[in-house]
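Heads up, target-v9.tsv below (TSV, C-alpha atoms):
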chain	number	residue	atom	x	y	z
R	1	MET	CA	148.65	103.60	164.74
R	2	ARG	CA	149.82	105.64	167.70
R	3	PRO	CA	147.18	107.83	169.33
R	4	THR	CA	147.61	111.53	168.72
R	5	PRO	CA	148.51	113.27	171.98
R	6	GLU	CA	145.86	115.66	173.12
R	7	VAL	CA	146.74	119.30	173.40
R	8	THR	CA	145.80	120.48	176.84
R	9	MET	CA	145.12	123.97	177.96
R	10	ALA	CA	148.09	123.72	180.37
R	11	ARG	CA	150.52	123.93	177.46
R	12	LEU	CA	148.95	127.17	176.26
R	13	SER	CA	148.37	128.68	179.70
R	14	PRO	CA	150.91	130.96	181.35
R	15	ARG	CA	153.21	129.35	183.88
R	16	PRO	CA	152.78	130.19	187.57
R	17	GLY	CA	154.33	133.53	188.42
R	18	HIS	CA	153.96	134.94	184.90
R	19	PRO	CA	151.33	137.51	184.01
R	20	ALA	CA	148.40	136.03	182.10
R	21	GLY	CA	148.68	136.35	178.29
R	22	ARG	CA	152.26	137.57	178.35
R	23	TRP	CA	153.30	135.17	175.53
R	24	ARG	CA	150.88	136.62	172.95
R	25	PRO	CA	152.86	139.75	171.85
R	26	TYR	CA	155.97	137.68	171.20
R	27	VAL	CA	154.03	135.21	169.11
R	28	ALA	CA	152.39	137.98	167.07
R	29	VAL	CA	155.73	139.67	166.31
R	30	ALA	CA	157.32	136.36	165.33
R	31	GLY	CA	154.39	135.51	163.02
R	32	VAL	CA	154.55	138.84	161.20
R	33	ALA	CA	158.29	138.50	160.72
R	34	ALA	CA	157.95	134.99	159.31
R	35	ALA	CA	155.20	136.01	156.88
R	36	ALA	CA	157.22	138.98	155.67
R	37	GLY	CA	160.22	136.75	155.08
R	38	LEU	CA	158.16	134.34	153.02
R	39	MET	CA	156.72	137.14	150.92
R	40	PHE	CA	160.15	138.62	150.17
R	41	SER	CA	161.54	135.18	149.32
R	42	ALA	CA	158.65	134.36	146.96
R	43	SER	CA	158.91	137.75	145.29
R	44	ALA	CA	162.61	137.27	144.65
R	45	GLN	CA	162.09	133.80	143.21
R	46	LEU	CA	159.34	135.03	140.88
R	47	ALA	CA	161.48	137.90	139.71
R	48	ARG	CA	164.39	135.58	138.89
R	49	GLY	CA	162.17	132.95	137.24
R	50	ASP	CA	160.14	135.33	135.08
R	51	GLU	CA	163.07	137.40	133.88
R	52	GLY	CA	163.19	137.39	130.09
R	53	ARG	CA	160.04	135.29	129.70
R	54	HIS	CA	157.09	137.62	130.24
R	55	PRO	CA	156.38	140.80	128.27
R	56	GLU	CA	157.16	144.01	130.09
R	57	ASN	CA	154.47	146.13	128.39
R	58	LEU	CA	151.20	145.90	126.48
R	59	ALA	CA	152.83	145.91	123.04
R	60	GLN	CA	155.01	142.94	123.88
R	61	LEU	CA	152.03	141.13	125.37
R	62	VAL	CA	149.98	141.62	122.18
R	63	GLU	CA	152.89	140.47	120.03
R	64	SER	CA	153.49	137.40	122.16
R	65	GLU	CA	149.83	136.34	122.25
R	66	SER	CA	149.36	136.94	118.52
R	67	GLY	CA	152.24	134.63	117.74
R	68	ARG	CA	150.87	131.97	120.05
R	69	VAL	CA	147.44	132.19	118.41
R	70	GLU	CA	148.99	131.79	114.96
R	71	ARG	CA	150.93	128.72	116.06
R	72	LEU	CA	147.87	127.10	117.61
R	73	GLY	CA	145.80	127.92	114.52
R	74	ALA	CA	148.38	126.22	112.31
R	75	GLN	CA	148.27	123.13	114.52
R	76	VAL	CA	144.47	123.04	114.30
R	77	ASP	CA	144.57	123.30	110.51
R	78	ASP	CA	147.13	120.52	110.31
R	79	LEU	CA	145.13	118.19	112.58
R	80	GLN	CA	141.92	118.91	110.68
R	81	ALA	CA	143.65	118.06	107.40
R	82	GLN	CA	144.79	114.75	108.88
R	83	ILE	CA	141.23	113.97	110.08
R	84	ASP	CA	139.78	114.78	106.66
R	85	ALA	CA	142.35	112.59	104.95
R	86	LEU	CA	141.68	109.65	107.27
R	87	GLY	CA	137.92	109.99	106.85
R	88	ALA	CA	138.12	110.18	103.07
R	89	GLY	CA	140.45	107.20	102.92
R	90	SER	CA	138.25	105.11	105.20
R	91	SER	CA	135.07	105.94	103.28
R	92	SER	CA	136.55	105.30	99.86
R	93	GLY	CA	138.13	102.09	101.09
R	94	VAL	CA	134.84	100.69	102.38
R	95	GLU	CA	132.96	101.65	99.24
R	96	ALA	CA	135.60	100.19	96.99
R	97	ALA	CA	135.86	96.95	98.98
R	98	ASP	CA	132.12	96.32	99.37
R	99	PRO	CA	129.74	98.86	97.83
R	100	ASP	CA	126.74	96.60	98.58
R	101	LEU	CA	127.53	96.12	102.28
R	102	ALA	CA	124.63	98.17	103.68
R	103	ARG	CA	122.04	96.34	101.56
R	104	ARG	CA	123.36	92.90	102.46
R	105	GLU	CA	123.43	93.74	106.17
R	106	ALA	CA	119.79	94.89	105.95
R	107	VAL	CA	118.87	91.65	104.21
R	108	MET	CA	120.62	89.55	106.85
R	109	ALA	CA	118.91	91.48	109.65
R	110	GLY	CA	115.56	91.07	107.91
R	111	SER	CA	114.88	94.80	107.97
R	112	THR	CA	114.20	95.04	104.24
R	113	PRO	CA	111.96	93.04	101.86
R	114	VAL	CA	113.67	90.64	99.46
R	115	THR	CA	112.59	89.50	96.01
R	116	GLY	CA	114.14	87.01	93.61
R	117	PRO	CA	114.17	83.39	92.48
R	118	GLY	CA	113.93	80.73	95.12
R	119	LEU	CA	112.31	77.60	96.46
R	120	THR	CA	109.09	76.86	98.37
R	121	VAL	CA	109.02	73.82	100.67
R	122	THR	CA	105.79	72.53	102.23
R	123	LEU	CA	105.53	70.08	105.14
R	124	ASP	CA	102.23	68.63	106.41
R	125	ASP	CA	100.88	66.06	108.81
R	126	ALA	CA	99.98	62.60	107.52
R	127	PRO	CA	96.32	61.85	106.74
R	128	ALA	CA	94.17	60.19	109.38
R	129	SER	CA	94.09	56.98	107.31
R	130	SER	CA	97.80	56.45	108.06
R	131	GLN	CA	96.92	55.51	111.65
R	132	SER	CA	95.99	52.04	110.39
R	133	ILE	CA	99.52	51.32	109.17
R	134	PRO	CA	101.08	48.56	111.33
R	135	GLY	CA	103.68	49.84	113.81
R	136	VAL	CA	102.73	53.50	113.43
R	137	HIS	CA	102.57	55.74	116.50
R	138	ALA	CA	100.82	59.09	116.80
R	139	ASP	CA	104.14	60.96	116.84
R	140	ASP	CA	105.02	59.45	113.46
R	141	LEU	CA	102.11	61.25	111.80
R	142	VAL	CA	102.92	64.89	112.61
R	143	VAL	CA	105.56	67.41	111.57
R	144	HIS	CA	107.98	67.99	114.43
R	145	GLN	CA	110.13	70.98	115.33
R	146	GLN	CA	113.30	69.20	114.28
R	147	ASP	CA	111.83	68.54	110.84
R	148	LEU	CA	111.41	72.27	110.26
R	149	GLN	CA	114.86	72.93	111.68
R	150	HIS	CA	116.45	70.45	109.28
R	151	VAL	CA	114.74	72.12	106.30
R	152	ILE	CA	115.64	75.67	107.37
R	153	ASN	CA	119.26	74.80	108.18
R	154	ALA	CA	119.65	72.99	104.84
R	155	LEU	CA	118.30	76.01	102.94
R	156	TRP	CA	120.71	78.35	104.74
R	157	ALA	CA	123.53	75.95	103.91
R	158	GLY	CA	122.39	76.01	100.28
R	159	GLY	CA	122.99	79.75	100.06
R	160	ALA	CA	119.54	81.14	100.88
R	161	GLU	CA	119.66	84.93	100.93
R	162	ALA	CA	116.46	85.34	102.94
R	163	MET	CA	113.74	83.07	104.27
R	164	THR	CA	110.20	82.99	105.67
R	165	LEU	CA	108.28	80.44	107.69
R	166	GLN	CA	104.49	80.75	107.50
R	167	GLY	CA	105.05	84.15	105.91
R	168	GLU	CA	107.14	85.33	108.90
R	169	ARG	CA	110.63	86.54	108.06
R	170	VAL	CA	113.23	84.29	109.67
R	171	THR	CA	116.17	86.22	111.19
R	172	SER	CA	119.14	85.35	113.37
R	173	THR	CA	117.02	86.00	116.48
R	174	SER	CA	113.97	84.01	115.34
R	175	ALA	CA	113.03	81.08	117.56
R	176	PHE	CA	110.18	78.68	116.97
R	177	ARG	CA	108.91	75.65	118.83
R	178	CYS	CA	106.23	73.06	118.32
R	179	SER	CA	103.68	71.81	120.83
R	180	GLY	CA	102.02	68.77	119.30
R	181	ASN	CA	101.21	69.88	115.78
R	182	ILE	CA	101.03	73.58	116.72
R	183	LEU	CA	103.86	75.95	115.78
R	184	LEU	CA	104.75	79.00	117.90
R	185	LEU	CA	106.72	81.69	116.09
R	186	HIS	CA	107.16	85.40	116.87
R	187	GLY	CA	104.33	85.26	119.39
R	188	LYS	CA	101.91	83.76	116.86
R	189	VAL	CA	100.36	80.31	116.59
R	190	PHE	CA	100.31	78.33	113.33
R	191	SER	CA	98.92	74.98	112.23
R	192	PRO	CA	100.11	72.75	109.37
R	193	PRO	CA	100.73	72.73	106.51
R	194	TYR	CA	104.01	74.59	107.17
R	195	VAL	CA	105.44	76.60	104.29
R	196	VAL	CA	109.08	77.64	104.08
R	197	GLN	CA	110.17	80.03	101.31
R	198	ALA	CA	113.77	80.86	100.55
R	199	VAL	CA	115.25	83.31	98.04
R	200	GLY	CA	118.34	81.92	96.36
R	201	ASP	CA	119.52	79.69	93.56
R	202	PRO	CA	116.77	77.02	93.30
R	203	ASP	CA	119.17	74.34	92.09
R	204	ARG	CA	121.57	74.90	94.98
R	205	LEU	CA	118.70	74.96	97.48
R	206	GLU	CA	117.29	71.67	96.18
R	207	ALA	CA	120.76	70.10	96.29
R	208	ALA	CA	121.21	71.24	99.90
R	209	LEU	CA	117.91	69.61	100.90
R	210	ALA	CA	118.94	66.37	99.20
R	211	ALA	CA	122.27	66.41	101.07
R	212	SER	CA	120.72	66.90	104.53
R	213	PRO	CA	120.49	63.67	106.59
R	214	GLY	CA	117.67	65.16	108.67
R	215	VAL	CA	115.62	65.99	105.59
R	216	GLN	CA	116.22	62.53	104.19
R	217	THR	CA	114.93	60.98	107.41
R	218	TYR	CA	111.75	63.04	107.05
R	219	LEU	CA	111.40	61.89	103.44
R	220	ASP	CA	111.61	58.30	104.67
R	221	TYR	CA	108.51	58.98	106.76
R	222	VAL	CA	106.91	60.63	103.74
R	223	ASP	CA	107.23	57.30	101.95
R	224	TRP	CA	106.09	55.27	104.97
R	225	VAL	CA	103.18	57.20	106.52
R	226	ALA	CA	102.49	59.78	103.80
R	227	LEU	CA	103.71	62.86	105.64
R	228	GLY	CA	103.20	65.91	103.43
R	229	TRP	CA	106.14	67.16	101.38
R	230	GLY	CA	106.49	69.50	98.44
R	231	GLU	CA	109.24	71.42	96.65
R	232	LYS	CA	108.52	74.13	94.09
R	233	ALA	CA	111.12	76.27	92.35
R	234	SER	CA	110.08	79.83	91.47
R	235	SER	CA	111.60	82.53	89.32
R	236	HIS	CA	110.17	85.25	91.56
R	237	LEU	CA	109.42	85.20	95.30
R	238	GLU	CA	108.55	88.20	97.47
R	239	LEU	CA	109.57	87.95	101.11
R	240	PRO	CA	108.44	90.69	103.53
R	241	ALA	CA	110.64	92.48	106.03
R	242	TYR	CA	110.70	91.35	109.64
R	243	ALA	CA	108.01	93.30	111.51
R	244	GLY	CA	108.77	92.24	115.09
R	245	SER	CA	111.06	93.62	117.77
R	246	THR	CA	114.82	93.23	117.30
R	247	GLU	CA	115.57	93.65	121.01
R	248	LEU	CA	117.28	90.63	122.55
R	249	GLN	CA	115.80	89.28	125.76
R	250	TYR	CA	117.71	86.98	128.06
R	251	ALA	CA	117.50	85.59	131.55
R	252	ARG	CA	119.31	87.26	134.43
R	253	VAL	CA	120.69	85.43	137.46
R	254	PRO	CA	119.70	87.24	140.68
R	255	GLU	CA	122.61	88.68	142.62
R	256	GLY	CA	123.90	86.38	145.30
R	257	THR	CA	122.55	83.25	143.59
R	258	ASP	CA	124.95	80.31	143.42
R	259	VAL	CA	124.18	78.74	140.03
R	260	PHE	CA	126.55	75.84	140.72
R	261	SER	CA	124.99	74.71	144.00

Show how you would write the structure in this file as structure tokens.
Amino acid sequence: MRPTPEVTMARLSPRPGHPAGRWRPYVAVAGVAAAAGLMFSASAQLARGDEGRHPENLAQLVESESGRVERLGAQVDDLQAQIDALGAGSSSGVEAADPDLARREAVMAGSTPVTGPGLTVTLDDAPASSQSIPGVHADDLVVHQQDLQHVINALWAGGAEAMTLQGERVTSTSAFRCSGNILLLHGKVFSPPYVVQAVGDPDRLEAALAASPGVQTYLDYVDWVALGWGEKASSHLELPAYAGSTELQYARVPEGTDVFS
């Protein structure tokens, strides 16, 4: 970029031999003449451009504005009618397609209690006497996290509508983990036996458990070391609503951190 030349006082000062300030009257006269010319030019352009478009008196102004208001009012009425039609069509379409949508979404989110037929599954650690079985290790005698996961996943696959673990409603954000034979769920600590209840068709739920490889592996240990297992179909189960927070929490990577280093 070229530097902007500085304006020096020499350019604005009178030349030698000329009276000081002699240039100012000429500049003032020229400025007034230029401004007057611009004003006349603008006035002429406005007069030509506005001819035939603006009202010349109050009556014409009122008539013109009244017509404009009527046109705008008609446009508003037309747009409002279109909005009402779209809203009515959308509402009726949703209700006709799935009138039970709100209830099912509440059930899936766990925000409402659920009652109905279902299945109760109980898992428990093996008795102390099983420690004498040849080849048995301590880990073989307790219910593990994956055992509960296999049962819960099988019940969902079998069409469970809602589910609880230790009386706690299981939702899409529920996470549980085991430490030894202690279960941590929703900030609470539980000990075996572990009870899973699911509302759904009992026959389908039982069939889903029988079809799960993970559940069948657990049942093999039931036969070997006497891990606890029970299935009970019910015509009426009552599952409470989820009482915890639904806010998702997740880790944040600090700014400037290279996670791939």

By how many Å are atom CA of Val189 of chain R and atom CA of Gly159 of chain R apart?
28.0 Å

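Distance-wise, atom CA of Val225 of chain R and atom CA of Leu141 of chain R end up 6.7 Å apart.
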
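In this comparison, which uses all atoms listed in the file, the residue of R:Asp77, R:Asp140, R:Asp124, R:Glu65 approaching Tyr194 of chain R most closely is R:Asp124.
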
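Distance-wise, atom CA of Glu238 of chain R and atom CA of Gln166 of chain R end up 13.1 Å apart.
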
I'd like the box whose edges run along x, y and z of the file and which contains every listed atom of segment 153-156 of chain R, padded by 3 Å per side; could you state its centre and edge lengths in Å, one decimal, as AutoDock Vina command-line options?
--center_x 119.5 --center_y 75.7 --center_z 105.6 --size_x 8.4 --size_y 11.4 --size_z 11.2

Could you list, as a ChimeraX atom specification, every residue within 10 Å of Leu227 of chain R, counting all atoms listed in the file and ignoring same-chain residues fewer than 2 positions away?
/R:123-127,130,140-143,218-225,229

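Remark: for Asn153 of chain R, the closest of the candidate residues R:Ile133, R:Val196, R:Val114, R:Ile83 is R:Val196 (distances computed over only C-alpha atoms).
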
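Counting only C-alpha atoms, the residue from R:Ala162, R:Ala128, R:Val69, R:Val215 that sits nearest to Thr112 of chain R is R:Ala162.
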
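Residues in contact range of Ala210 of chain R, defined as at most 12 Å between all atoms listed in the file, with sequence neighbours fewer than 4 positions away removed, read R:His150, R:Val151, R:Ala154, R:Leu155, R:Ala157, R:Gly158, R:Asp203, R:Arg204, R:Leu205, R:Glu206, R:Gly214, R:Val215, R:Gln216, R:Thr217, R:Tyr218, R:Leu219, R:Glu231.
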
Would you pick out the contacts of segment 177-186 of chain R at 12 Å or less, using all atoms listed in the file, so that residues sharing its chain but fewer than 2 positions from it are not included, and give the list as a ChimeraX atom specification?
/R:123-126,138-149,164-171,173-175,188-195,242-246

If you keep C-alpha atoms, can you produce a file of those selected residues as a PDB file, keeping the file's coordinate frame?
ATOM      1  CA  LEU R 123     105.530  70.080 105.140  1.00  0.00           C
ATOM      2  CA  ASP R 124     102.230  68.630 106.410  1.00  0.00           C
ATOM      3  CA  ASP R 125     100.880  66.060 108.810  1.00  0.00           C
ATOM      4  CA  ALA R 126      99.980  62.600 107.520  1.00  0.00           C
ATOM      5  CA  ALA R 138     100.820  59.090 116.800  1.00  0.00           C
ATOM      6  CA  ASP R 139     104.140  60.960 116.840  1.00  0.00           C
ATOM      7  CA  ASP R 140     105.020  59.450 113.460  1.00  0.00           C
ATOM      8  CA  LEU R 141     102.110  61.250 111.800  1.00  0.00           C
ATOM      9  CA  VAL R 142     102.920  64.890 112.610  1.00  0.00           C
ATOM     10  CA  VAL R 143     105.560  67.410 111.570  1.00  0.00           C
ATOM     11  CA  HIS R 144     107.980  67.990 114.430  1.00  0.00           C
ATOM     12  CA  GLN R 145     110.130  70.980 115.330  1.00  0.00           C
ATOM     13  CA  GLN R 146     113.300  69.200 114.280  1.00  0.00           C
ATOM     14  CA  ASP R 147     111.830  68.540 110.840  1.00  0.00           C
ATOM     15  CA  LEU R 148     111.410  72.270 110.260  1.00  0.00           C
ATOM     16  CA  GLN R 149     114.860  72.930 111.680  1.00  0.00           C
ATOM     17  CA  THR R 164     110.200  82.990 105.670  1.00  0.00           C
ATOM     18  CA  LEU R 165     108.280  80.440 107.690  1.00  0.00           C
ATOM     19  CA  GLN R 166     104.490  80.750 107.500  1.00  0.00           C
ATOM     20  CA  GLY R 167     105.050  84.150 105.910  1.00  0.00           C
ATOM     21  CA  GLU R 168     107.140  85.330 108.900  1.00  0.00           C
ATOM     22  CA  ARG R 169     110.630  86.540 108.060  1.00  0.00           C
ATOM     23  CA  VAL R 170     113.230  84.290 109.670  1.00  0.00           C
ATOM     24  CA  THR R 171     116.170  86.220 111.190  1.00  0.00           C
ATOM     25  CA  THR R 173     117.020  86.000 116.480  1.00  0.00           C
ATOM     26  CA  SER R 174     113.970  84.010 115.340  1.00  0.00           C
ATOM     27  CA  ALA R 175     113.030  81.080 117.560  1.00  0.00           C
ATOM     28  CA  LYS R 188     101.910  83.760 116.860  1.00  0.00           C
ATOM     29  CA  VAL R 189     100.360  80.310 116.590  1.00  0.00           C
ATOM     30  CA  PHE R 190     100.310  78.330 113.330  1.00  0.00           C
ATOM     31  CA  SER R 191      98.920  74.980 112.230  1.00  0.00           C
ATOM     32  CA  PRO R 192     100.110  72.750 109.370  1.00  0.00           C
ATOM     33  CA  PRO R 193     100.730  72.730 106.510  1.00  0.00           C
ATOM     34  CA  TYR R 194     104.010  74.590 107.170  1.00  0.00           C
ATOM     35  CA  VAL R 195     105.440  76.600 104.290  1.00  0.00           C
ATOM     36  CA  TYR R 242     110.700  91.350 109.640  1.00  0.00           C
ATOM     37  CA  ALA R 243     108.010  93.300 111.510  1.00  0.00           C
ATOM     38  CA  GLY R 244     108.770  92.240 115.090  1.00  0.00           C
ATOM     39  CA  SER R 245     111.060  93.620 117.770  1.00  0.00           C
ATOM     40  CA  THR R 246     114.820  93.230 117.300  1.00  0.00           C
TER      41      THR R 246
END
